[in-house]
Amino acid sequence: MLKLVFDTAALITCCQFNVHGMPVVEHILTACAVVIPGAVQSEVTIASDRYVDAQLAARLIAAGKVQVESVVLPRSNVLEYYKLGLGEKEAIALCLKKGENISLITDDRLAYIVSDRMRVQKLLLLDLVVELVASRLMSSALAEEIVRATEPRYSGGFIAHTLKILERGDRKCLV
Amino acid sequence: MINTKLARGMEIQGSPLLAEFVLRGFEQKLSELYEDFQQGEISLGYLAEQLGISPWEAVHLLKERGLRTTNL
């Protein structure tokens, strides 16, 4: 079972798109332990009176399927130098707190680069799907459907490349 | 920071002109922030914070305008 920390944007995507009548987040939870920082939970709570996808996230948190773990950002920490939101900062800090055996799931370019600089393990959501197939925690067919379902989120190359990786079963494939 | 409720005209119904100014200001700010977001200079969470809304609201707001919700 993979251990993951989600930032808000990645969590929203997983709650918005459905495959086989089930939200993507539920498919992921069958194979992964997901934890979010307090700030991401607060953002869910604020939005859950207006949006169905946020209500889903709130239900998963209430049911304990998505765990919440608080993290304290020290004063004058380096993340303050970047134009990240509190949820993204706490998600990165939570990964640092929990150590090496956990990956940040983010689709934000700045959060990805900052976490890379901090040697935080991180995956784009599309790469998480690839990783689940490689780990035999998800079928290739389901992964492909998830990738196609989330297509509106990404610019062209990301979807086509992910589908090619799934088709070839090789991350290093060039054609 | 722009107040979203004001931007929606919920608290300034008595002043259509003021509502128009606030709404234009909000859209202008959103447009500037979206450009920075697409350049990868700011995150979605930062964009939301600067608009005084949650990231969930930001995603829905961008979708309503036909804009992409990631900067990938």
# chains A, B, ... in the order shown; residues from 1 in each chain; ligands from 1
>>> residues_around(residues="Ser54 of chain B", least_positions_apart="2", cutoff="9 Å", atoms="only C-alpha atoms", output="tab-separated table (two decimals) with N, CA and C atoms, in the first residue's frame")
chain	number	residue	atom	x	y	z
A	43	GLU	N	-9.59	23.72	4.17
A	43	GLU	CA	-10.07	24.17	2.86
A	43	GLU	C	-11.24	23.31	2.39
A	44	VAL	N	-11.21	22.03	2.74
A	44	VAL	CA	-12.33	21.14	2.42
A	44	VAL	C	-13.57	21.59	3.19
A	46	ILE	N	-14.37	24.49	4.48
A	46	ILE	CA	-14.92	25.77	4.01
A	46	ILE	C	-15.78	25.55	2.76
A	47	ALA	N	-15.32	24.67	1.88
A	47	ALA	CA	-15.98	24.50	0.58
A	47	ALA	C	-17.13	23.50	0.60
B	45	GLY	N	-3.12	27.40	-4.75
B	45	GLY	CA	-3.47	27.81	-3.39
B	45	GLY	C	-3.16	29.28	-3.15
B	48	ALA	N	-5.73	31.40	-4.91
B	48	ALA	CA	-6.97	31.44	-4.13
B	48	ALA	C	-6.84	32.39	-2.94
B	49	GLU	N	-5.72	32.31	-2.25
B	49	GLU	CA	-5.52	33.17	-1.07
B	49	GLU	C	-5.56	34.65	-1.45
B	51	LEU	N	-7.18	35.98	-3.78
B	51	LEU	CA	-8.55	36.37	-4.14
B	51	LEU	C	-9.49	36.28	-2.94
B	52	GLY	N	-8.98	35.78	-1.84
B	52	GLY	CA	-9.82	35.65	-0.64
B	52	GLY	C	-10.84	34.53	-0.75
B	56	TRP	N	-10.90	25.29	-3.58
B	56	TRP	CA	-12.05	24.64	-4.22
B	56	TRP	C	-12.85	25.67	-5.01
B	57	GLU	N	-13.07	26.84	-4.39
B	57	GLU	CA	-13.77	27.91	-5.11
B	57	GLU	C	-12.97	28.34	-6.33
B	58	ALA	N	-11.65	28.42	-6.17
B	58	ALA	CA	-10.80	28.85	-7.28
B	58	ALA	C	-10.93	27.88	-8.46
B	59	VAL	N	-10.91	26.59	-8.17
B	59	VAL	CA	-11.03	25.59	-9.25
B	59	VAL	C	-12.37	25.75	-9.97
>>> closest_atom_pairs(of="chain A", to="chain B", cutoff="10 Å", atoms="only C-alpha atoms", output="Markdown table")
| residue | atom | partner | partner_atom | distance |
| --- | --- | --- | --- | --- |
| A:Asp7 | CA | B:Gly45 | CA | 9.2 |
| A:Thr8 | CA | B:Pro55 | CA | 7.0 |
| A:Ala9 | CA | B:Pro55 | CA | 7.1 |
| A:Ala10 | CA | B:Thr70 | CA | 9.5 |
| A:Leu11 | CA | B:Trp56 | CA | 9.7 |
| A:Ile12 | CA | B:Trp56 | CA | 7.0 |
| A:Thr13 | CA | B:Val59 | CA | 9.3 |
| A:Val40 | CA | B:Pro55 | CA | 9.3 |
| A:Ser42 | CA | B:Ser54 | CA | 9.3 |
| A:Glu43 | CA | B:Ser54 | CA | 6.0 |
| A:Val44 | CA | B:Trp56 | CA | 7.5 |
| A:Thr45 | CA | B:Ser54 | CA | 9.8 |
| A:Ile46 | CA | B:Ser54 | CA | 7.2 |
| A:Ala47 | CA | B:Trp56 | CA | 6.2 |
| A:Ser48 | CA | B:Trp56 | CA | 9.0 |
| A:Arg50 | CA | B:Glu57 | CA | 8.8 |
| A:Tyr51 | CA | B:Trp56 | CA | 8.0 |
| A:Asp53 | CA | B:Trp56 | CA | 8.7 |
| A:Ala54 | CA | B:Trp56 | CA | 7.3 |
| A:Tyr82 | CA | B:Ile42 | CA | 7.7 |
| A:Lys83 | CA | B:Ile42 | CA | 4.9 |
| A:Leu84 | CA | B:Tyr46 | CA | 4.9 |
| A:Gly85 | CA | B:Gly45 | CA | 3.9 |
| A:Leu86 | CA | B:Gly45 | CA | 6.9 |
| A:Gly87 | CA | B:Gly45 | CA | 6.7 |
| A:Glu88 | CA | B:Gly45 | CA | 6.8 |
| A:Lys89 | CA | B:Gly45 | CA | 9.3 |
| A:Thr106 | CA | B:Thr70 | CA | 10.0 |
| A:Asp107 | CA | B:Thr70 | CA | 6.6 |
| A:Asp108 | CA | B:Ser43 | CA | 6.2 |
| A:Arg109 | CA | B:Gly40 | CA | 5.6 |
| A:Leu110 | CA | B:Gly40 | CA | 5.6 |
| A:Ala111 | CA | B:Ser43 | CA | 6.8 |
| A:Tyr112 | CA | B:Ser43 | CA | 9.8 |
| A:Ile113 | CA | B:Gly40 | CA | 9.5 |
| A:Leu124 | CA | B:Leu72 | CA | 9.5 |
| A:Pro152 | CA | B:Arg68 | CA | 7.7 |
| A:Arg153 | CA | B:Thr69 | CA | 6.1 |
| A:Tyr154 | CA | B:Leu72 | CA | 6.1 |
| A:Ser155 | CA | B:Leu72 | CA | 6.3 |
| A:Gly156 | CA | B:Leu72 | CA | 9.5 |
| A:Gly157 | CA | B:Leu72 | CA | 9.4 |
| A:Phe158 | CA | B:Leu72 | CA | 7.9 |
>>> residues_around(residues="Cys95 of chain A", least_positions_apart="4", cutoff="9 Å", atoms="only C-alpha atoms", output="ChimeraX atom specification")
/A:4-5,90-91,99-104,120-121
>>> residues_around(residues="Ala31 of chain A", least_positions_apart="5", cutoff="10 Å", atoms="only C-alpha atoms", output="list of chain:residue names")
A:Met1, A:Leu2, A:Lys3, A:Glu26, A:Leu132, A:Ser135, A:Arg136, A:Leu137, A:Met138
>>> residues_around(residues="Cys173 of chain A", least_positions_apart="4", cutoff="12 Å", atoms="only C-alpha atoms", output="count of residues only")
9
>>> select_by_dssp(residues="segment 8-158 of chain A", states="helix (DSSP H, G or I)", output="ChimeraX atom specification")
/A:8-16,24-29,38-47,52-62,78-81,86-98,109-117,125-134,140-149,151-153,156-158
>>> atom_distance(atom1="atom CA of Leu142 of chain A", atom2="atom CA of Leu94 of chain A")
29.4 Å
>>> atom_distance(atom1="atom CA of Asn18 of chain A", atom2="atom CA of Ser115 of chain A")
28.4 Å
>>> closest_residue(among="A:Ile92, A:Leu79, A:Val25, A:Ala160", to="Arg59 of chain A", atoms="only C-alpha atoms")
A:Val25
>>> closest_residue(among="A:Asp49, A:Asp116, A:Glu151, A:Asp170", to="Val133 of chain A", atoms="only C-alpha atoms")
A:Asp170
>>> decode(residues="segment 45-62 of chain B", atoms="C-alpha atoms", output="short mmCIF file (atom, residue, chain, number, x, y, z; two decimals), in the first residue's frame")
data_model
loop_
_atom_site.label_atom_id
_atom_site.label_comp_id
_atom_site.auth_asym_id
_atom_site.auth_seq_id
_atom_site.Cartn_x
_atom_site.Cartn_y
_atom_site.Cartn_z
CA GLY B 45 -3.47 27.81 -3.39
CA TYR B 46 -1.67 31.15 -3.54
CA LEU B 47 -3.99 32.34 -6.32
CA ALA B 48 -6.97 31.44 -4.13
CA GLU B 49 -5.52 33.17 -1.07
CA GLN B 50 -4.92 36.38 -3.00
CA LEU B 51 -8.55 36.37 -4.14
CA GLY B 52 -9.82 35.65 -0.64
CA ILE B 53 -11.40 32.36 -1.68
CA SER B 54 -10.69 28.68 -1.04
CA PRO B 55 -8.80 26.55 -3.59
CA TRP B 56 -12.05 24.64 -4.22
CA GLU B 57 -13.77 27.91 -5.11
CA ALA B 58 -10.80 28.85 -7.28
CA VAL B 59 -11.03 25.59 -9.25
CA HIS B 60 -14.76 26.02 -9.82
CA LEU B 61 -14.31 29.68 -10.70
CA LEU B 62 -11.65 28.86 -13.31
#
